[in-house]
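K.L.:
Data: structure.cif, mmCIF, C-alpha atoms.
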data_data
#
loop_
_atom_site.label_atom_id
_atom_site.label_comp_id
_atom_site.auth_asym_id
_atom_site.auth_seq_id
_atom_site.Cartn_x
_atom_site.Cartn_y
_atom_site.Cartn_z
CA MET A 1 0.00 0.00 0.00
CA GLY A 2 1.37 3.43 -0.91
CA GLU A 3 2.20 5.83 1.90
CA SER A 4 -0.04 8.89 2.21
CA LYS A 5 1.73 12.01 3.44
CA CYS A 6 -0.45 14.86 4.62
CA ASN A 7 -0.24 18.20 2.86
CA THR A 8 -1.86 21.39 4.07
CA CYS A 9 -5.55 21.43 3.28
CA TYR A 10 -6.81 24.37 1.25
CA ASN A 11 -9.79 26.33 2.56
CA ILE A 12 -11.73 27.68 -0.40
CA ASN A 13 -14.80 28.71 1.57
CA ILE A 14 -16.92 31.43 -0.05
CA ARG A 15 -19.49 33.53 1.83
CA TYR A 16 -23.07 32.67 0.92
CA ALA A 17 -25.20 35.60 2.12
CA GLU A 18 -25.27 37.58 -1.13
CA ARG A 19 -26.52 34.55 -3.08
CA LYS A 20 -29.34 33.45 -0.79
CA LYS A 21 -32.12 35.37 -2.53
CA ARG A 22 -31.07 34.00 -5.92
CA ARG A 23 -31.22 30.50 -4.47
CA GLU A 24 -34.76 31.03 -3.13
CA LYS A 25 -35.96 32.29 -6.50
CA ARG A 26 -34.41 29.33 -8.34
CA ILE A 27 -36.27 26.89 -6.05
CA ARG A 28 -39.58 28.66 -6.64
CA ASP A 29 -39.01 28.74 -10.39
CA ARG A 30 -37.78 25.14 -10.74
CA GLN A 31 -40.30 22.92 -12.46
CA THR A 32 -41.14 19.53 -11.02
CA TRP A 33 -41.38 16.24 -12.90
CA SER A 34 -45.15 16.69 -13.25
CA GLU A 35 -44.78 20.07 -14.93
CA ARG A 36 -42.43 18.58 -17.54
CA THR A 37 -44.39 15.45 -18.36
CA GLU A 38 -47.90 14.13 -18.90
CA ILE A 39 -47.27 10.94 -16.93
CA GLY A 40 -49.17 9.67 -13.92
CA ARG A 41 -46.86 9.77 -10.89
CA HIS A 42 -46.85 7.48 -7.88
CA ASP A 43 -44.36 7.75 -4.99
CA ASN A 44 -43.88 4.73 -2.77
CA ILE A 45 -42.33 5.08 -0.04
CA GLU A 46 -39.41 7.01 1.50
CA TRP A 47 -39.51 10.78 0.98
CA HIS A 48 -36.78 12.22 3.23
CA LEU A 49 -36.65 15.48 1.25
CA GLY A 50 -38.29 17.79 3.75
CA PHE A 51 -41.69 18.15 5.35
CA CYS A 52 -41.49 21.30 7.47
CA LYS A 53 -44.05 22.88 5.16
CA ASP A 54 -46.90 21.35 3.22
CA GLU A 55 -45.46 22.51 -0.09
CA TYR A 56 -42.32 20.41 0.45
CA THR A 57 -44.17 17.09 0.65
CA PRO A 58 -44.55 14.62 -2.25
CA ASN A 59 -48.10 15.55 -3.24
CA ARG A 60 -46.97 19.17 -3.62
CA ARG A 61 -43.76 18.27 -5.43
CA GLY A 62 -45.10 16.56 -8.51
CA PHE A 63 -46.61 13.25 -7.37
CA ASP A 64 -50.28 12.41 -7.89
CA HIS A 65 -50.21 9.82 -5.13
CA PHE A 66 -47.94 9.07 -2.16
CA TYR A 67 -47.77 6.22 0.31
CA GLY A 68 -44.96 5.98 2.82
CA PHE A 69 -43.01 7.98 5.37
CA TYR A 70 -41.35 11.39 5.48
CA ASN A 71 -38.49 10.71 7.88
CA ALA A 72 -35.92 7.92 8.28
CA ALA A 73 -34.85 5.15 10.66
CA GLY A 74 -38.41 4.20 11.54
CA ASP A 75 -39.49 0.89 13.00
CA TYR A 76 -40.22 -1.66 10.26
CA TYR A 77 -43.26 -3.04 12.12
CA THR A 78 -44.80 -0.14 14.11
CA HIS A 79 -43.90 2.51 11.50
CA THR A 80 -43.01 4.96 14.25
CA THR A 81 -39.89 7.06 14.55
CA GLY A 82 -38.13 9.56 16.80
CA PRO A 83 -37.61 9.61 20.57
CA LYS A 84 -41.38 9.93 21.13
CA ASN A 85 -42.26 7.17 18.64
CA PHE A 86 -44.62 9.23 16.54
CA LEU A 87 -46.38 7.57 13.62
CA ASP A 88 -44.69 8.24 10.29
CA LEU A 89 -46.88 6.49 7.73
CA ARG A 90 -49.24 8.27 5.35
CA GLU A 91 -51.38 7.75 2.31
CA ASP A 92 -51.22 11.14 0.63
CA PHE A 93 -51.85 13.46 3.61
CA THR A 94 -53.76 10.97 5.80
CA PRO A 95 -51.95 9.00 8.55
CA ASP A 96 -52.37 5.23 8.17
CA ARG A 97 -52.89 3.86 11.68
CA GLY A 98 -53.92 0.36 10.66
CA GLN A 99 -50.59 -1.25 9.74
CA ASP A 100 -49.04 -1.95 13.14
CA GLY A 101 -47.19 -5.29 12.93
CA VAL A 102 -46.96 -5.42 9.13
CA TYR A 103 -43.33 -5.57 7.93
CA SER A 104 -42.65 -2.54 5.76
CA SER A 105 -41.27 -4.35 2.69
CA ASP A 106 -44.42 -6.49 2.54
CA LEU A 107 -46.68 -3.49 3.14
CA PHE A 108 -45.10 -1.30 0.50
CA SER A 109 -44.98 -3.97 -2.20
CA GLU A 110 -48.67 -4.73 -1.61
CA LYS A 111 -49.58 -1.04 -1.91
CA ALA A 112 -47.47 -0.61 -5.05
CA ALA A 113 -48.90 -3.74 -6.67
CA ASN A 114 -52.46 -2.57 -5.94
CA TYR A 115 -51.69 0.79 -7.49
CA VAL A 116 -50.40 -0.92 -10.64
CA ALA A 117 -53.47 -3.16 -10.75
CA ASN A 118 -55.78 -0.12 -10.71
CA HIS A 119 -53.78 1.95 -13.18
CA ASP A 120 -55.31 2.75 -16.57
CA THR A 121 -52.94 0.87 -18.90
CA SER A 122 -53.73 3.25 -21.75
CA LYS A 123 -51.88 5.98 -19.84
CA PRO A 124 -48.16 6.16 -18.98
CA LEU A 125 -46.92 5.76 -15.41
CA PHE A 126 -43.89 6.84 -13.39
CA MET A 127 -43.45 4.97 -10.09
CA TYR A 128 -40.77 5.98 -7.60
CA TYR A 129 -40.40 2.93 -5.35
CA SER A 130 -38.04 4.02 -2.60
CA LEU A 131 -37.89 1.24 -0.04
CA GLN A 132 -37.08 1.60 3.65
CA SER A 133 -34.76 -1.40 3.30
CA VAL A 134 -31.99 -1.79 4.16
CA HIS A 135 -31.65 1.23 6.42
CA GLY A 136 -31.47 0.74 10.17
CA PRO A 137 -32.93 -0.36 12.52
CA LEU A 138 -32.01 -3.95 11.72
CA GLN A 139 -35.32 -5.84 11.62
CA VAL A 140 -36.45 -8.73 9.46
CA PRO A 141 -38.93 -11.65 9.65
CA GLU A 142 -37.50 -14.92 10.96
CA LYS A 143 -37.87 -16.70 7.62
CA TYR A 144 -35.21 -14.44 6.13
CA LEU A 145 -32.81 -14.98 9.02
CA ASP A 146 -33.11 -18.71 8.42
CA LYS A 147 -31.71 -18.31 4.91
CA TYR A 148 -28.34 -17.21 6.31
CA LEU A 149 -27.70 -19.53 9.24
CA PHE A 150 -24.17 -20.09 7.93
CA VAL A 151 -23.39 -16.44 8.85
CA LYS A 152 -22.48 -16.49 12.55
CA ASN A 153 -22.66 -12.73 13.17
CA LEU A 154 -26.33 -11.99 13.98
CA GLY A 155 -26.14 -8.37 12.87
CA ARG A 156 -24.68 -9.29 9.51
CA ARG A 157 -27.16 -12.16 9.13
CA THR A 158 -30.02 -9.73 9.78
CA LYS A 159 -28.68 -7.28 7.23
CA LEU A 160 -28.45 -10.03 4.59
CA GLY A 161 -31.99 -11.13 5.40
CA MET A 162 -33.20 -7.55 4.96
CA ILE A 163 -31.57 -7.42 1.53
CA THR A 164 -33.37 -10.60 0.49
CA ALA A 165 -36.67 -9.22 1.82
CA MET A 166 -36.07 -6.13 -0.30
CA ASP A 167 -35.41 -8.32 -3.36
CA ASP A 168 -38.68 -10.15 -2.77
CA SER A 169 -40.52 -6.85 -2.43
CA VAL A 170 -39.20 -5.64 -5.77
CA ALA A 171 -40.16 -8.97 -7.34
CA VAL A 172 -43.78 -8.49 -6.21
CA VAL A 173 -43.93 -5.09 -7.95
CA VAL A 174 -42.28 -6.44 -11.12
CA GLU A 175 -44.79 -9.29 -11.22
CA ALA A 176 -47.64 -6.76 -10.92
CA PHE A 177 -46.31 -4.88 -13.95
CA LYS A 178 -46.17 -8.16 -15.88
CA GLU A 179 -49.61 -9.37 -14.79
CA HIS A 180 -51.32 -6.13 -15.80
CA GLY A 181 -49.69 -5.71 -19.20
CA LEU A 182 -47.23 -2.91 -18.41
CA TRP A 183 -43.91 -4.76 -18.28
CA ASN A 184 -43.12 -4.95 -21.99
CA ASN A 185 -43.04 -1.17 -22.25
CA THR A 186 -41.47 -0.39 -18.87
CA LEU A 187 -37.98 0.87 -18.06
CA LEU A 188 -36.91 -0.41 -14.63
CA ILE A 189 -34.05 1.40 -12.88
CA PHE A 190 -32.56 -0.01 -9.68
CA GLN A 191 -30.37 2.52 -7.87
CA SER A 192 -28.74 2.71 -4.45
CA ASP A 193 -28.26 6.13 -2.85
CA ASN A 194 -24.99 5.62 -0.95
CA GLY A 195 -22.55 3.04 0.28
CA GLY A 196 -23.29 0.84 3.26
CA PRO A 197 -22.72 1.97 6.87
CA ALA A 198 -19.81 -0.32 7.76
CA ASN A 199 -20.13 -0.25 11.54
CA GLU A 200 -21.22 -2.50 14.39
CA ASN A 201 -24.71 -0.99 14.51
CA ASN A 202 -25.67 -1.42 10.85
CA PHE A 203 -23.34 -4.10 9.41
CA GLY A 204 -23.24 -2.69 5.90
CA ASN A 205 -20.20 -3.44 3.80
CA ASN A 206 -18.40 -1.97 0.81
CA TRP A 207 -15.40 -4.30 0.53
CA PRO A 208 -13.01 -3.99 -1.23
CA LEU A 209 -13.70 -0.26 -1.55
CA ARG A 210 -12.44 2.11 1.09
CA GLY A 211 -14.63 3.79 3.68
CA SER A 212 -18.29 3.81 4.59
CA LYS A 213 -21.52 5.74 4.31
CA LYS A 214 -21.10 9.43 5.25
CA THR A 215 -17.52 9.47 3.97
CA LEU A 216 -16.08 10.80 0.73
CA TRP A 217 -14.26 7.53 0.04
CA GLU A 218 -15.51 5.34 -2.81
CA GLY A 219 -17.04 2.91 -0.33
CA GLY A 220 -19.41 5.65 0.79
CA THR A 221 -20.17 7.12 -2.62
CA ARG A 222 -19.77 4.55 -5.40
CA VAL A 223 -22.85 2.39 -5.84
CA VAL A 224 -24.28 -0.08 -8.31
CA THR A 225 -27.25 0.54 -10.56
CA PHE A 226 -28.89 -1.34 -13.39
CA ALA A 227 -31.53 -0.70 -16.01
CA HIS A 228 -33.88 -3.16 -17.69
CA GLY A 229 -36.33 -2.64 -20.52
CA PRO A 230 -37.03 -3.27 -24.21
CA MET A 231 -35.95 0.26 -25.12
CA LEU A 232 -32.32 -0.56 -24.25
CA GLU A 233 -30.38 -1.26 -27.44
CA LYS A 234 -27.40 -2.85 -25.69
CA THR A 235 -27.97 -5.25 -22.81
CA GLY A 236 -26.16 -7.84 -20.72
CA TYR A 237 -22.97 -5.85 -20.16
CA VAL A 238 -21.23 -3.78 -17.47
CA ASN A 239 -21.04 -0.06 -18.18
CA ASP A 240 -18.06 1.67 -16.56
CA GLU A 241 -18.79 5.14 -17.92
CA MET A 242 -19.01 8.07 -15.52
CA MET A 243 -22.46 8.90 -14.18
CA HIS A 244 -23.87 10.85 -11.23
CA ILE A 245 -27.27 10.24 -9.68
CA VAL A 246 -28.40 13.75 -10.72
CA ASP A 247 -28.16 12.59 -14.34
CA TRP A 248 -31.29 10.46 -14.03
CA PHE A 249 -33.71 13.39 -14.06
CA PRO A 250 -32.64 14.98 -17.37
CA THR A 251 -32.07 11.51 -18.87
CA LEU A 252 -35.63 10.38 -18.14
CA VAL A 253 -37.24 13.71 -19.01
CA ASN A 254 -35.55 13.72 -22.41
CA LEU A 255 -36.32 10.03 -22.97
CA ILE A 256 -40.07 10.69 -22.83
CA GLY A 257 -39.88 13.79 -25.00
CA GLY A 258 -39.57 16.52 -22.39
CA GLU A 259 -36.87 19.15 -21.98
CA SER A 260 -34.59 19.70 -18.99
CA ASP A 261 -33.03 22.98 -17.97
CA SER A 262 -29.72 23.74 -19.63
CA ASP A 263 -28.29 24.99 -16.32
CA MET A 264 -28.98 21.75 -14.44
CA ASP A 265 -26.15 19.81 -12.86
CA GLY A 266 -27.48 16.63 -14.47
CA LEU A 267 -26.75 15.51 -18.03
CA ASN A 268 -28.74 13.41 -20.50
CA LEU A 269 -26.95 10.05 -20.52
CA TRP A 270 -29.51 8.00 -22.42
CA ASP A 271 -27.15 7.06 -25.26
CA THR A 272 -24.56 6.00 -22.69
CA ILE A 273 -27.07 3.83 -20.84
CA SER A 274 -28.98 2.42 -23.80
CA LYS A 275 -26.18 2.04 -26.35
CA GLY A 276 -22.97 1.98 -24.34
CA ASP A 277 -21.76 5.26 -25.87
CA PRO A 278 -19.07 7.30 -24.07
CA SER A 279 -20.50 9.42 -21.27
CA PRO A 280 -20.69 13.20 -21.82
CA ARG A 281 -19.90 13.61 -18.13
CA THR A 282 -16.24 14.29 -17.36
CA GLU A 283 -16.45 15.48 -13.75
CA PHE A 284 -18.60 15.60 -10.64
CA VAL A 285 -18.41 16.91 -7.09
CA TYR A 286 -18.65 14.57 -4.12
CA ASN A 287 -18.87 17.39 -1.57
CA ILE A 288 -17.89 21.05 -1.50
CA ASP A 289 -18.57 22.24 2.06
CA GLU A 290 -16.62 22.67 5.29
CA GLU A 291 -16.81 21.05 8.70
CA ASP A 292 -15.55 23.02 11.72
CA ASP A 293 -13.81 25.41 9.29
CA ILE A 294 -11.89 22.52 7.73
CA PRO A 295 -12.70 21.64 4.10
CA ARG A 296 -14.58 18.45 3.49
CA GLN A 297 -14.38 18.46 -0.27
CA ALA A 298 -13.82 16.04 -3.12
CA ILE A 299 -14.04 16.21 -6.88
CA ARG A 300 -13.51 13.75 -9.70
CA ILE A 301 -12.25 14.90 -13.10
CA ARG A 302 -12.04 12.04 -15.60
CA ASN A 303 -10.02 9.28 -13.88
CA TYR A 304 -8.64 11.42 -11.06
CA LYS A 305 -10.19 12.08 -7.67
CA LEU A 306 -9.01 14.84 -5.34
CA ILE A 307 -9.91 14.95 -1.65
CA ASN A 308 -9.31 18.25 0.15
CA GLY A 309 -9.53 18.06 3.94
CA LYS A 310 -11.68 15.61 5.85
CA ALA A 311 -12.81 12.51 4.02
CA GLY A 312 -14.74 11.13 6.99
CA ARG A 313 -14.72 8.02 9.12
CA PRO A 314 -14.71 5.07 9.37
CA ASP A 315 -11.70 4.92 7.10
CA GLY A 316 -9.86 1.91 5.77
CA TRP A 317 -10.90 -1.26 4.00
CA ILE A 318 -13.45 -3.13 6.08
CA ALA A 319 -14.05 -6.77 5.23
CA PRO A 320 -17.45 -8.37 5.94
CA PRO A 321 -17.58 -10.49 9.13
CA GLU A 322 -18.22 -13.71 7.19
CA SER A 323 -15.15 -13.12 5.02
CA CYS A 324 -11.71 -14.60 5.56
CA CYS A 325 -10.19 -11.22 4.66
CA HIS A 326 -8.81 -8.88 7.32
CA HIS A 327 -9.52 -5.22 7.96
CA ASP A 328 -6.83 -3.00 6.48
CA LYS A 329 -6.16 0.42 7.98
CA PRO A 330 -4.46 3.36 6.26
CA ASN A 331 -0.96 4.42 7.18
CA GLY A 332 0.17 7.47 9.11
CA ASP A 333 -1.48 10.88 8.96
CA ASP A 334 -4.09 9.73 6.47
CA ILE A 335 -6.15 8.50 9.42
CA HIS A 336 -6.69 12.07 10.62
CA GLY A 337 -8.13 13.13 7.29
CA GLU A 338 -6.98 16.77 7.18
CA CYS A 339 -4.89 16.76 4.03
CA ILE A 340 -4.80 16.68 0.25
CA ARG A 341 -5.01 13.32 -1.51
CA LEU A 342 -5.12 12.37 -5.18
CA TYR A 343 -6.08 8.99 -6.65
CA ASN A 344 -6.35 7.52 -10.13
CA LEU A 345 -9.64 5.65 -9.81
CA LYS A 346 -9.20 3.76 -13.06
CA ASP A 347 -5.98 2.15 -11.85
CA ASP A 348 -6.67 2.37 -8.13
CA PRO A 349 -10.43 2.20 -7.37
CA THR A 350 -9.75 1.15 -3.77
CA GLU A 351 -7.83 4.40 -3.08
CA ARG A 352 -4.60 2.99 -1.72
CA ASN A 353 -1.97 5.00 -3.60
CA ASP A 354 -1.94 8.74 -2.95
CA LEU A 355 -0.47 10.59 -5.97
CA SER A 356 -0.68 14.13 -4.61
CA GLU A 357 3.07 14.57 -4.09
CA ALA A 358 3.91 12.99 -7.43
CA MET A 359 1.43 15.12 -9.40
CA PRO A 360 1.34 18.62 -7.83
CA TYR A 361 0.28 20.25 -11.10
CA ARG A 362 -2.87 18.12 -11.24
CA VAL A 363 -3.63 18.86 -7.59
CA GLU A 364 -3.38 22.59 -8.28
CA ARG A 365 -5.69 22.41 -11.31
CA MET A 366 -8.29 20.37 -9.47
CA LEU A 367 -8.24 22.71 -6.47
CA GLU A 368 -8.83 25.61 -8.85
CA ARG A 369 -11.79 23.78 -10.34
CA LEU A 370 -13.23 23.20 -6.88
CA LYS A 371 -12.88 26.90 -6.17
CA GLU A 372 -14.65 27.83 -9.41
CA LEU A 373 -17.56 25.54 -8.60
CA LYS A 374 -17.72 26.70 -4.99
CA GLU A 375 -18.24 30.27 -6.14
CA LYS A 376 -21.39 29.16 -8.01
CA THR A 377 -23.01 27.41 -5.07
CA HIS A 378 -25.93 28.68 -3.04
CA PRO A 379 -26.58 28.45 0.70
CA VAL A 380 -28.63 25.68 2.20
CA LEU A 381 -31.98 27.14 3.21
CA SER A 382 -32.96 26.64 6.83
CA PRO A 383 -36.70 26.35 7.56
CA ARG A 384 -36.17 28.64 10.54
CA GLU A 385 -34.99 31.52 8.36
#
What does the file become when written as C-alpha cells?
P.N.:
Amino acid sequence: MGESKCNTCYNINIRYAERKKRREKRIRDRQTWSERTEIGRHDNIEWHLGFCKDEYTPNRRGFDHFYGFYNAAGDYYTHTTGPKNFLDLREDFTPDRGQDGVYSSDLFSEKAANYVANHDTSKPLFMYYSLQSVHGPLQVPEKYLDKYLFVKNLGRRTKLGMITAMDDSVAVVVEAFKEHGLWNNTLLIFQSDNGGPANENNFGNNWPLRGSKKTLWEGGTRVVTFAHGPMLEKTGYVNDEMMHIVDWFPTLVNLIGGESDSDMDGLNLWDTISKGDPSPRTEFVYNIDEEDDIPRQAIRIRNYKLINGKAGRPDGWIAPPESCCHHDKPNGDDIHGECIRLYNLKDDPTERNDLSEAMPYRVERMLERLKELKEKTHPVLSPRE
C-alpha cells in the first residue's frame, strides 16, 4: 500500500449571504417532474426530502399519489420514529394507523402492486419505489434470518436477510407490472443512494472499496445501478462510464420527449445507458462544504479524484464479518483526514496509492476547479430563516 503524506488542506470557503435570494428564487421557479411530463406519478415510499411545510411534501412536489413515510430510521413493524415514537406512515396526507405489525417491505410492495393493478394501462406511469430497506434499525422476519444460518454474526445475518426481503418486495412489484400488461413497455431502474454503513450498529459493507456511508471515500459514494427494458439497445454488459445520480432526471425527461433545464447539474446520458456510448460527463463533485472550518471536499475529473480536507470516518478497507479477509487500515497521517489526496480511480479504485506529491500540477488544477464551482453554489436554506 502506498504511503499517504499529509499536505496542508486548502480552505476555499466562499461567503453565501449575497446569493441566498437568488437560491430562493431558483427553487420557486424550478419545475417539477409533473410540470415537464404528462405521466401519472406514484411515490412509494421514503420521501426524506423535507416536510417542514406542506409545499415540500410529495403531493406538492409533482406526485399524484404518495404512500410511505417522510423521515428515516423508523421501526419496520410499528412505522413509528423519533424519541417519542410518533407515527410516520401516510397515504397522501392521511396518517395510516392500521398497519401496526406489518413488515414494511411487505406493506409497500402490496400497496405498489395494488396501485399498478388499478392503473389505466392506456396511460403512462412513473413509479418511484423508494424502499425503507436496508436502512437501520435492523429488523427482518425470521424466515429471512433462516436463509443465512451459515453467517455467525447476527447483525450481519439480519442485514443479509433484509436485503433478500427487499429483493422479494421488488419482485412483487415487477410481477404486478407483468400481470397487468405494463412490463413490456417499462424501463426499470434499480439505484442505491450511498454506500453501506460499515459499523457494528448497521453491518453494511463496501469491501473492497475504502470507507463507509457518510464518507467521501468510494465505499461511501460509489454504488451499483442497473436498467432493464425493451428500449435498451445494448444489454447484458457492465457499463463503466461516468455517471452521477443527478443525471437520471434529465435523462428520463428527455427520454419521454420533455426538456430539462440547460443549467442543471445533471446531463442526459440516455445514449450512454442504452447504447454503451461514451459518457458526456467528465467530472462531478462529491462534496464542497466545510466542517468546523476545515474543508470536506472532493471532486472527480475524468479518472482522477481529489480529496481536500476531511474525508470522513470510518476509514480503511473493512471486510465483511463472514469473510476470511482482514480489515486494512491506512498508514500514518491519512487516518486524521486533514490533508490533500489524489487517486487515479481507473488504476486504483480502492484508493490505496496517494499521488498528490507525485502530481502537484494536477492537484493545483483540481483545487482551482473546486474553487470555481464553490463560487457558483448557493446556501442551504434553513426552515427557521
K.L.:
Applying 8 Å and all atoms listed in the file, which residues near A:Ser109 remain after dropping the ones on its own chain fewer than 2 positions away? List them as a list in words.
P.N.:
Ser105, Asp106, Leu107, Lys111, Ala112, Ala113, Ser169, Val170, Val172 and Val173 of chain A
K.L.:
Taking the file as I've supplied it (selection: the PyMOL selection byres ((chain A and resi 206-221) around 8)), which residues are included? Please answer as a compact mmCIF listing (two decimals) with C-alpha atoms, keeping the file's coordinate frame.
P.N.:
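Okay, part32.txt is ready:
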# COMPACT_ATOMS: atom_id res chain seq x y z
CA ASN A 194 -24.99 5.62 -0.95
CA GLY A 195 -22.55 3.04 0.28
CA GLY A 196 -23.29 0.84 3.26
CA PRO A 197 -22.72 1.97 6.87
CA ALA A 198 -19.81 -0.32 7.76
CA GLY A 204 -23.24 -2.69 5.90
CA ASN A 205 -20.20 -3.44 3.80
CA ARG A 222 -19.77 4.55 -5.40
CA VAL A 223 -22.85 2.39 -5.84
CA TYR A 286 -18.65 14.57 -4.12
CA ASN A 287 -18.87 17.39 -1.57
CA GLN A 297 -14.38 18.46 -0.27
CA ALA A 298 -13.82 16.04 -3.12
CA ILE A 307 -9.91 14.95 -1.65
CA ALA A 311 -12.81 12.51 4.02
CA GLY A 312 -14.74 11.13 6.99
CA ARG A 313 -14.72 8.02 9.12
CA PRO A 314 -14.71 5.07 9.37
CA ASP A 315 -11.70 4.92 7.10
CA GLY A 316 -9.86 1.91 5.77
CA TRP A 317 -10.90 -1.26 4.00
CA ILE A 318 -13.45 -3.13 6.08
CA ALA A 319 -14.05 -6.77 5.23
CA PRO A 320 -17.45 -8.37 5.94
CA PRO A 349 -10.43 2.20 -7.37
CA THR A 350 -9.75 1.15 -3.77
CA GLU A 351 -7.83 4.40 -3.08
K.L.:
Check which residues satisfy the PyMOL selection byres ((chain A and resi 143-155) around 12) in the file shown, then give them as a ChimeraX atom specification.
P.N.:
/A:136-142,156-168,198-205,320-323
K.L.:
Please report the interatomic distance between atom CA of A:Ser356 and atom CA of A:Asn303 in Å with one decimal.
P.N.:
14.0 Å
K.L.:
Interatomic distance between atom CA of A:Pro124 and atom CA of A:Phe249?
P.N.:
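Distance between the two atoms: 16.9 Å.
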